[in-house]
Structure formats: structure tokens, C-alpha cells
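Reading through the C-alpha cells given below for one structure.
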Amino acid sequence: MEDLFAGNRESLSQGGRFASVTGTIVEMVPTRTNRQVNGCTIFVTLEDERGEPVNVILSPDTYVVDFVTLSVGMRVECWYRTDVPMPLIYPPQYHAAVAAEVRAGRRIDVDYYDAALVNQGRTLKLNIDGSVALRTANNQYFQASPSGHELAVIYTSSTRSIPAQTTPEKIVVLCSRG
């Protein structure tokens with residue numbers, strides 16, 4: 001079976017809003033402000049599939065799938081926004097919008113979904129029935145339509161059509177602040 005989490009991925013559409021990086025956590029350090037430890041933001045170093053370092057910043061705004069406590073040695077995938085400024089440095093450094101432990105058989109898509117519940121990359125269409133858990137990033141019930149929002153979609157299987165279709169296990173609406 002092909003590795004569904006290999007390498008850095010960016011949405012197939014022009015101007016995609018999210019891309020991801022996958023790797024193993026090798027270090028987690030709380031950030032510092034004015035020489036004091038800020039325990040709210042964590043600087044994470046990953047080693048990607050090529051053995052290269054990648055730095056990811058986990059802030060209080062980062063949605064961690066299933067609220068798993070991330071730790072050194074864990075394989076993770078982190079999604080970051082591509083439409084915000086980022087430093088052009090080595091190793092690359094990203095602010096994670098979503099982070100998840102890599103688990104066999106589980107797929108996650110982070111993207112904007114339109115009124116027809118098709119992602120911006122036109123690669124996945126959602127079929128929603130009463131079994132789909134619809135939540136906000138802080139685990140509250142989302143009581144409106146998820147269309148027209150950025151979503152973290154957790155699913156296990158999809159059709160081979162274009163776009164692929166799935167009935168997800170869970171949809172997390174990434175409600176924008178403002």
C-alpha cells in the first residue's frame with residue numbers, strides 16, 4: 001500500500017490554502033519571550049522522509065486531531081497555510097494550522113470546501129449523513145452547514161471517482177477568528 005503521508009504536499013488548485021509536511025518528531029521545545037519560557041507555543045523539529053529537518057510551530061491556535069498529546073518519536077503530519085508570509089530559511093519553518101499523528105488506514109484532508117462540499121483542489125467531495133461527527137476545533141458541536149468553510153476531514157475510504165467521494169467519520173470546522 002502506498003504511503004499516503006509521504007513528503008510535502010500542496011493543494012492541487014492554484015493558490016491552494018494548505019500544504020502539509022510529514023515526519024518524525026525529534027525535538028519539542030517551548031518558545032521563549034523576553035528570556036522566559038512561553039509554554040503555550042512549542043517549537044517542533046521533524047525529520048522528514050528524506051532525513052531533512054523541518055521546523056513546525058505549534059501554537060494555541062493549532063488544531064491537533066483527536067487532541068492527541070504529541071511527543072518525540074511520533075510520526076506526524078502538519079498542515080500549514082500557504083497564503084501567509086513565511087521565512088525563506090533552512091531548515092524550513094511553518095506555523096501549523098492542523099497537526100495529526102500518522103495512523104494506518106486514516107486519511108485527513110485540510111482544505112476549503114465549497115457549497116457542493118468539494119475541496120478547493122477538486123480532489124474530494126463529502127457525503128454527509130447523520131453518522132458524521134461535525135465539530136469545531138475546540139470540540140463543540142457545529143450547528144450549521146460545513147460548506148463555505150475550511151475543514152479538517154477525517155476519513156478512512158473513498159471512491160476512485162474524480163473527485164473522490166467519501167462519507168467522513170469526522171469533520172472539524174476550522175472557524176476563522178475575527
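FYI, nothing fancy with the C-alpha cells labels: chains A, B, ... in order, residues from 1 per chain, ligands from 1 as they appear.
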Problem set entry | Residue neighbourhood stretch 165-177 of chain A, 7 Å, only C-alpha atoms, exclusion window fewer than 3 positions, as number ranges by chain | A: 124-128, 132-137, 146, 149-155, 157-159, 161
Selection export as a PDB file, in the first residue's frame, atoms kept: N, CA and C atoms:
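Below you can see again_7.pdb, which holds the result:
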```pdb
ATOM      1  N   LEU A 124     -11.737  15.901  -3.604  1.00  0.00           N
ATOM      2  CA  LEU A 124     -12.569  15.182  -2.644  1.00  0.00           C
ATOM      3  C   LEU A 124     -13.913  15.859  -2.481  1.00  0.00           C
ATOM      4  N   LYS A 125     -14.981  15.055  -2.545  1.00  0.00           N
ATOM      5  CA  LYS A 125     -16.351  15.523  -2.307  1.00  0.00           C
ATOM      6  C   LYS A 125     -16.885  14.787  -1.093  1.00  0.00           C
ATOM      7  N   LEU A 126     -17.537  15.544  -0.209  1.00  0.00           N
ATOM      8  CA  LEU A 126     -18.063  14.970   1.027  1.00  0.00           C
ATOM      9  C   LEU A 126     -19.531  14.600   0.888  1.00  0.00           C
ATOM     10  N   ASN A 127     -19.870  13.428   1.369  1.00  0.00           N
ATOM     11  CA  ASN A 127     -21.255  12.987   1.506  1.00  0.00           C
ATOM     12  C   ASN A 127     -21.516  12.954   3.001  1.00  0.00           C
ATOM     13  N   ILE A 128     -22.471  13.753   3.433  1.00  0.00           N
ATOM     14  CA  ILE A 128     -22.731  13.861   4.866  1.00  0.00           C
ATOM     15  C   ILE A 128     -24.071  13.225   5.188  1.00  0.00           C
ATOM     16  N   VAL A 132     -22.035  11.341  10.620  1.00  0.00           N
ATOM     17  CA  VAL A 132     -20.807  12.143  10.571  1.00  0.00           C
ATOM     18  C   VAL A 132     -20.745  13.088  11.773  1.00  0.00           C
ATOM     19  N   ALA A 133     -19.667  12.983  12.545  1.00  0.00           N
ATOM     20  CA  ALA A 133     -19.457  13.896  13.672  1.00  0.00           C
ATOM     21  C   ALA A 133     -19.002  15.238  13.114  1.00  0.00           C
ATOM     22  N   LEU A 134     -19.734  16.281  13.405  1.00  0.00           N
ATOM     23  CA  LEU A 134     -19.445  17.632  12.912  1.00  0.00           C
ATOM     24  C   LEU A 134     -19.113  18.504  14.118  1.00  0.00           C
ATOM     25  N   ARG A 135     -17.842  18.932  14.208  1.00  0.00           N
ATOM     26  CA  ARG A 135     -17.358  19.646  15.391  1.00  0.00           C
ATOM     27  C   ARG A 135     -16.585  20.899  15.017  1.00  0.00           C
ATOM     28  N   THR A 136     -16.351  21.730  16.003  1.00  0.00           N
ATOM     29  CA  THR A 136     -15.440  22.868  15.862  1.00  0.00           C
ATOM     30  C   THR A 136     -14.076  22.421  16.388  1.00  0.00           C
ATOM     31  N   ALA A 137     -13.072  23.237  16.202  1.00  0.00           N
ATOM     32  CA  ALA A 137     -11.721  22.878  16.634  1.00  0.00           C
ATOM     33  C   ALA A 137     -11.613  22.706  18.143  1.00  0.00           C
ATOM     34  N   PRO A 146     -21.308  22.819   6.972  1.00  0.00           N
ATOM     35  CA  PRO A 146     -19.857  22.993   6.881  1.00  0.00           C
ATOM     36  C   PRO A 146     -19.405  23.598   5.546  1.00  0.00           C
ATOM     37  N   HIS A 149     -16.482  26.666   4.352  1.00  0.00           N
ATOM     38  CA  HIS A 149     -15.530  26.759   5.462  1.00  0.00           C
ATOM     39  C   HIS A 149     -14.265  25.969   5.151  1.00  0.00           C
ATOM     40  N   GLU A 150     -13.207  26.291   5.881  1.00  0.00           N
ATOM     41  CA  GLU A 150     -12.012  25.461   5.868  1.00  0.00           C
ATOM     42  C   GLU A 150     -12.272  24.319   6.839  1.00  0.00           C
ATOM     43  N   LEU A 151     -11.995  23.085   6.384  1.00  0.00           N
ATOM     44  CA  LEU A 151     -12.332  21.901   7.163  1.00  0.00           C
ATOM     45  C   LEU A 151     -11.138  20.972   7.294  1.00  0.00           C
ATOM     46  N   ALA A 152     -11.090  20.258   8.397  1.00  0.00           N
ATOM     47  CA  ALA A 152     -10.210  19.102   8.559  1.00  0.00           C
ATOM     48  C   ALA A 152     -11.143  17.899   8.480  1.00  0.00           C
ATOM     49  N   VAL A 153     -11.005  17.115   7.416  1.00  0.00           N
ATOM     50  CA  VAL A 153     -11.892  15.984   7.159  1.00  0.00           C
ATOM     51  C   VAL A 153     -11.139  14.697   7.462  1.00  0.00           C
ATOM     52  N   ILE A 154     -11.684  13.898   8.372  1.00  0.00           N
ATOM     53  CA  ILE A 154     -11.051  12.639   8.765  1.00  0.00           C
ATOM     54  C   ILE A 154     -11.909  11.511   8.195  1.00  0.00           C
ATOM     55  N   TYR A 155     -11.255  10.652   7.381  1.00  0.00           N
ATOM     56  CA  TYR A 155     -11.989   9.570   6.738  1.00  0.00           C
ATOM     57  C   TYR A 155     -11.077   8.373   6.536  1.00  0.00           C
ATOM     58  N   SER A 157     -11.974   5.774   3.856  1.00  0.00           N
ATOM     59  CA  SER A 157     -12.056   5.263   2.488  1.00  0.00           C
ATOM     60  C   SER A 157     -12.766   6.275   1.605  1.00  0.00           C
ATOM     61  N   SER A 158     -12.535   6.122   0.302  1.00  0.00           N
ATOM     62  CA  SER A 158     -13.190   6.995  -0.676  1.00  0.00           C
ATOM     63  C   SER A 158     -13.343   6.230  -1.981  1.00  0.00           C
ATOM     64  N   THR A 159     -14.187   6.753  -2.840  1.00  0.00           N
ATOM     65  CA  THR A 159     -14.367   6.142  -4.156  1.00  0.00           C
ATOM     66  C   THR A 159     -13.164   6.480  -5.030  1.00  0.00           C
ATOM     67  N   SER A 161     -13.556   7.763  -7.997  1.00  0.00           N
ATOM     68  CA  SER A 161     -14.073   8.726  -8.966  1.00  0.00           C
ATOM     69  C   SER A 161     -13.269  10.015  -8.894  1.00  0.00           C
TER      70      SER A 161
END
```
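If only C-alpha atoms are the atoms counted, then among A:Ala104, A:Thr41, A:Phe18, A:Arg50 the closest residue to A:Asn119 is A:Phe18.
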Check stretch 113-165 of chain A with DSSP on the backbone and list each residue it calls strand (DSSP E or B), as a CSV table (one decimal) with C-alpha atoms, in the first residue's frame.
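File produced: selection.csv:
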```
chain,number,residue,atom,x,y,z
A,113,TYR,CA,-14.9,23.2,0.9
A,118,VAL,CA,-16.0,19.8,-2.8
A,119,ASN,CA,-12.5,20.8,-1.7
A,124,LEU,CA,-12.6,15.2,-2.6
A,125,LYS,CA,-16.4,15.5,-2.3
A,126,LEU,CA,-18.1,15.0,1.0
A,133,ALA,CA,-19.5,13.9,13.7
A,134,LEU,CA,-19.4,17.6,12.9
A,135,ARG,CA,-17.4,19.6,15.4
A,136,THR,CA,-15.4,22.9,15.9
A,141,TYR,CA,-21.0,20.6,18.0
A,149,HIS,CA,-15.5,26.8,5.5
A,150,GLU,CA,-12.0,25.5,5.9
A,151,LEU,CA,-12.3,21.9,7.2
A,152,ALA,CA,-10.2,19.1,8.6
A,153,VAL,CA,-11.9,16.0,7.2
A,154,ILE,CA,-11.1,12.6,8.8
A,155,TYR,CA,-12.0,9.6,6.7
A,164,ALA,CA,-13.2,11.0,-5.0
A,165,GLN,CA,-16.2,10.8,-2.7
```
Seminar exercise, completed: Here atom CA of A:His95 and atom CA of A:Gln140 stand apart by 23.7 Å
For this session: Check the smallest atom-to-atom distance from each of A:Leu88, A:Val26, A:Asn38, A:Ser145 to A:Ala115 using only C-alpha atoms, then report the winner.
Result: A:Ser145
Problem set entry | Nearest to A:Asp61, chosen from A:Val84, A:Ala116, A:Val44, A:Ala97, with only C-alpha atoms counted in the distances | A:Ala97
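Shortest atom-to-atom contact with A:Thr62 among A:Cys78, A:Asn34, A:Val98, A:Ala19: A:Val98, counting only C-alpha atoms.
In this comparison, which uses only C-alpha atoms, the residue of A:Thr82, A:Ser71, A:Thr45, A:Thr33 approaching A:Ser20 most closely is A:Thr82.
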Problem set entry | Residues within 9 Å of A:Val56, only C-alpha atoms, excluding chain neighbours under 2 positions, as a ChimeraX atom specification | /A:42-46,54,58,78,80,92-96
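Residues in contact with A:Cys40 at up to 10 Å, not including ones fewer than 5 positions away on its chain and judged by only C-alpha atoms, are Pro30, Thr31, Arg32, Leu58, Ser59, Pro60 and Asp61 of chain A.
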Save the residues we just selected, C-alpha atoms, as a PDB file, in the first residue's frame?
```pdb
ATOM      1  CA  PRO A  30       8.731  25.613  24.374  1.00  0.00           C
ATOM      2  CA  THR A  31       9.344  29.029  22.841  1.00  0.00           C
ATOM      3  CA  ARG A  32      10.822  31.912  24.804  1.00  0.00           C
ATOM      4  CA  LEU A  58       2.505  24.601  17.316  1.00  0.00           C
ATOM      5  CA  SER A  59       0.529  27.493  18.792  1.00  0.00           C
ATOM      6  CA  PRO A  60      -2.666  27.593  20.859  1.00  0.00           C
ATOM      7  CA  ASP A  61      -4.487  28.064  17.520  1.00  0.00           C
TER       8      ASP A  61
END
```
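For the pair atom CA of A:Val29 and atom CA of A:Ile57, the separation is 9.8 Å.
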